[in-house]
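S.K.: One structure, as structure tokens, below. Some questions next.
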Amino acid sequence: MEKKPNYLKSPDLLPISYENRKIGPFGFAVIWVGMAIVLAAFAIGGGGIIQLPLGTVILATVIGSVAIGILMTIIGDIGVEHGLSFPVYMRAPFGTIGTHIPSIVRGITASCWFGINTYFGSTAINAVLNLLFGFDNWILCFLFFTAFQLINTAMGIKSIERFADLAAPIIILISCWMYITLADQAEVAGKDIWSWVESPAVGGSAFTAFMIVVMANMGFWATLAADMPSLSRFFKAPRHERNWFKRNKTQLLGSIVVMPIFNTLMIVIGAVSYMAVGTSDPIVALQESASGIVLGILLLMIVLAQWSTNTSANVIPAATIFSNVGGPKVPFWVGVLIAGIIGIVAQPWSLFDVLNSALLIIGGILTAIVGILFADYYLLRKRRVHVTDLYELEGQFKYWKGINAAGFIAWVVGGGIANILSAYSSLVGFGCGAVLYYVLAKYWWFKIYPQAEIEDPSDEKYLGITAGRDWEISEGELTPPLEAKAISK
């Protein structure tokens, strides 16, 4: 009888070994510079300044950015410690089959973000071509820009890091120029950028408006917080390092320092853009505040920014997820293609006007998943994972027909409550997801389906890089935990 193929062992989803982790603190920092320059951030700034002064918008943005950055780093330890991607680890709290449902939700969300950023990048390309040659066809620009980004991503993580190295300093320069120019333009129009508010909110309404900005920032990056392991598994980390902070220093610099700084800068630019020209769309703002070769250069920088963001924050996570769902027959490059197709079909040119409202919904749904991952990895398994069984059809993560009911109940209820309390969606989603999953898994589900690493929390068997281990998976059977290759000091 022919042996049934194990679809869980897709080559692109195997654990990343120590030798193949190439991104250090500086590399991730420059990737973050590129990822933070996105049109949605401008929209949050433009929406916030309607009811709140700029200083308050900045405070709300910093709080939201740091909060979601902390969650990113916490969840990213899964990738650093074990070299696992988001969809693979999701087999633990959702099951080997169940992982596909929340993963696909995340993958489709990332693909839609890819489409939105590509649309705005393509309008910038179209404006440059119109300026230079009189060409005017944004649809054609959109299709070409989509293709170029997908090719760049399919080339692998190192090509993305090299691109980020090129784009980052240019993006910093354009951001500073945009802020100075637009702030001056607002001042000329008689608007003090630090006190002007279109329709000031007072009392309880002001606090609600403040929390909406906080939650919008958290919801904006909740997609990356959920599947940070897909990126962090490529980060360099010390071998045999038990100090959590030292092991995650690459993440800490990027997600808690660099991201909040540049995300806040983008929010500020969106706010002063709204003051200056009545829109937070930077492409429109640039066209009204610059001309000639200066305008052309600035628009090209917008293109670089969208490209840099899309490859790291959107296409890689989506492609990894689709590869996981499809198994070995869907390699990473096919996942990249699927993400591109979804980004086109979503018609991103119609999504920008509803973006802030969508961010609150997305934040609640995805931070519930972040809460579930936190409870599963830290509170229940205490960072020890039976990695070998994550790749086994009949292992402990098969649960009931491949489904972990505790994960699904916590996700549906947590995400639902978060969207009822939408002004606090991300905080409610994380808290409800974590608490519900912990209670259901510990006192119900894991009583029925015992978990080896919980029953026997052995460092030698179930820790990864902390124990100096690479998780090796062969074409046939997986290497047992005790025989997994240890990295010598």
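Labels used: A, B, ... for chains in the order of the structure tokens, numbers from 1 for residues in each chain, and numbers from 1 for ligands as shown.
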Taking 6 positions as the minimum chain separation for residues in the same chain, which residues sit within 8 Å of Gly364 in chain A when counting only C-alpha atoms? Answer as a short mmCIF file (atom, residue, chain, number, x, y, z; two decimals) with all heavy atoms, in the first residue's frame.

M.R.:
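Here's the written file selection-v8.cif:
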```
data_model
loop_
_atom_site.label_atom_id
_atom_site.label_comp_id
_atom_site.auth_asym_id
_atom_site.auth_seq_id
_atom_site.Cartn_x
_atom_site.Cartn_y
_atom_site.Cartn_z
N GLY A 219 -5.02 48.01 15.82
CA GLY A 219 -5.68 47.21 14.79
C GLY A 219 -4.91 47.20 13.49
O GLY A 219 -4.87 46.19 12.77
N GLY A 414 -14.24 35.84 21.85
CA GLY A 414 -13.36 36.98 22.10
C GLY A 414 -13.46 38.04 21.00
O GLY A 414 -13.56 39.23 21.28
N GLY A 415 -13.44 37.59 19.74
CA GLY A 415 -13.56 38.53 18.63
C GLY A 415 -14.91 39.21 18.61
O GLY A 415 -15.03 40.40 18.28
N GLY A 416 -15.97 38.46 18.97
CA GLY A 416 -17.32 39.04 18.99
C GLY A 416 -17.46 40.11 20.05
O GLY A 416 -17.98 41.20 19.78
N ALA A 418 -15.07 41.85 21.37
CA ALA A 418 -14.20 42.96 20.99
C ALA A 418 -14.90 43.90 20.02
O ALA A 418 -14.75 45.13 20.10
CB ALA A 418 -12.91 42.43 20.36
N ASN A 419 -15.69 43.36 19.11
CA ASN A 419 -16.36 44.21 18.14
C ASN A 419 -17.64 44.83 18.67
O ASN A 419 -18.14 45.80 18.10
CB ASN A 419 -16.61 43.42 16.86
CG ASN A 419 -15.36 43.32 16.00
OD1 ASN A 419 -14.91 44.30 15.44
ND2 ASN A 419 -14.76 42.13 15.94
N SER A 422 -16.18 48.21 20.34
CA SER A 422 -15.23 48.52 19.26
C SER A 422 -14.23 49.62 19.62
O SER A 422 -13.12 49.63 19.09
CB SER A 422 -15.99 48.89 17.98
OG SER A 422 -16.81 50.03 18.21
N SER A 425 -11.42 47.67 21.01
CA SER A 425 -11.44 46.36 20.36
C SER A 425 -10.19 45.53 20.57
O SER A 425 -10.27 44.35 20.92
CB SER A 425 -11.71 46.53 18.85
OG SER A 425 -10.71 47.34 18.26
N SER A 426 -9.01 46.11 20.37
CA SER A 426 -7.78 45.32 20.45
C SER A 426 -7.50 44.84 21.87
O SER A 426 -7.09 43.69 22.08
CB SER A 426 -6.60 46.12 19.92
OG SER A 426 -6.72 46.33 18.53
N LEU A 427 -7.71 45.71 22.85
CA LEU A 427 -7.48 45.31 24.24
C LEU A 427 -8.47 44.23 24.68
O LEU A 427 -8.10 43.24 25.31
CB LEU A 427 -7.60 46.53 25.17
CG LEU A 427 -6.54 47.62 25.00
CD1 LEU A 427 -6.82 48.77 25.95
CD2 LEU A 427 -5.15 47.05 25.23
N VAL A 428 -9.75 44.43 24.32
CA VAL A 428 -10.77 43.46 24.68
C VAL A 428 -10.53 42.13 23.96
O VAL A 428 -10.65 41.05 24.56
CB VAL A 428 -12.17 44.00 24.35
CG1 VAL A 428 -13.24 42.93 24.57
CG2 VAL A 428 -12.49 45.22 25.21
N GLY A 429 -10.17 42.20 22.68
CA GLY A 429 -9.92 40.98 21.92
C GLY A 429 -8.79 40.16 22.51
O GLY A 429 -8.91 38.94 22.69
N PHE A 430 -7.68 40.83 22.83
CA PHE A 430 -6.54 40.12 23.42
C PHE A 430 -6.92 39.51 24.77
O PHE A 430 -6.66 38.33 25.03
CB PHE A 430 -5.36 41.07 23.59
CG PHE A 430 -4.17 40.44 24.25
CD1 PHE A 430 -3.27 39.69 23.52
CD2 PHE A 430 -3.96 40.57 25.63
CE1 PHE A 430 -2.17 39.09 24.13
CE2 PHE A 430 -2.86 39.98 26.25
CZ PHE A 430 -1.97 39.24 25.50
#
```

S.K.: Taking the DSSP assignment computed from this structure's backbone, write out as a PyMOL selection string all residues of range 102-234 of chain A that belong to alpha helix (DSSP H).

M.R.: chain A and resi 102-133+138-154+157-188+203-226+229-232

S.K.: Determine, for each residue of range 238-306 of chain A having at least one atom at most 6 Å from an atom of range 22-37 of chain A, the closest pair of atoms and their separation in Å to one decimal, counting only C-alpha atoms; order by chain and ascending number, as CSV.

M.R.:
```
residue,atom,partner,partner_atom,distance
A:Thr250,CA,A:Pro25,CA,4.1
A:Gly254,CA,A:Ala29,CA,4.7
A:Met259,CA,A:Trp32,CA,5.9
A:Phe262,CA,A:Ala36,CA,6.0
A:Asn263,CA,A:Ala36,CA,5.3
A:Ala305,CA,A:Gly34,CA,5.5
```

S.K.: For the residues selected in the previous step, produce a file with C-alpha atoms as a PDB file, in the first residue's frame.

M.R.:
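The resulting file, result_11.pdb, is shown below:
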```pdb
ATOM      1  CA  THR A 250      16.413  42.033  17.340  1.00  0.00           C
ATOM      2  CA  GLY A 254      12.576  47.030  15.752  1.00  0.00           C
ATOM      3  CA  MET A 259       8.247  51.118  14.705  1.00  0.00           C
ATOM      4  CA  PHE A 262       8.223  56.032  12.398  1.00  0.00           C
ATOM      5  CA  ASN A 263       4.583  55.063  12.781  1.00  0.00           C
ATOM      6  CA  ALA A 305       7.794  52.974   0.693  1.00  0.00           C
TER       7      ALA A 305
END
```

S.K.: Pick the closest to Ser280 in chain A from A:Leu182, A:Ala375, A:Ile125, A:Val336: which is it, counting only C-alpha atoms?

M.R.: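 Ranking A:Leu182, A:Ala375, A:Ile125, A:Val336 by distance to Ser280 in chain A, first place goes to A:Leu182.
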
S.K.: Which one is closest to Trp196 in chain A: A:Tyr274, A:Phe114, A:Trp244, A:Phe234? Count only C-alpha atoms.

M.R.: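 Distance minimum relative to Trp196 in chain A lands on A:Tyr274.
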
S.K.: Hey, which of A:Asn243, A:Asn248, A:Asn217, A:Thr109 ends up closest to Ala67 in chain A? Count only C-alpha atoms.

M.R.: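 The closest residue to Ala67 in chain A is A:Asn217.
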
S.K.: I'd like the neighbourhood of Thr264 in chain A as an MDAnalysis selection string, where a residue qualifies if any of its atoms comes within 8 Å (using only C-alpha atoms), though same-chain residues fewer than 6 positions away should be ignored.

M.R.: chainID A and resid 58 61:62 65
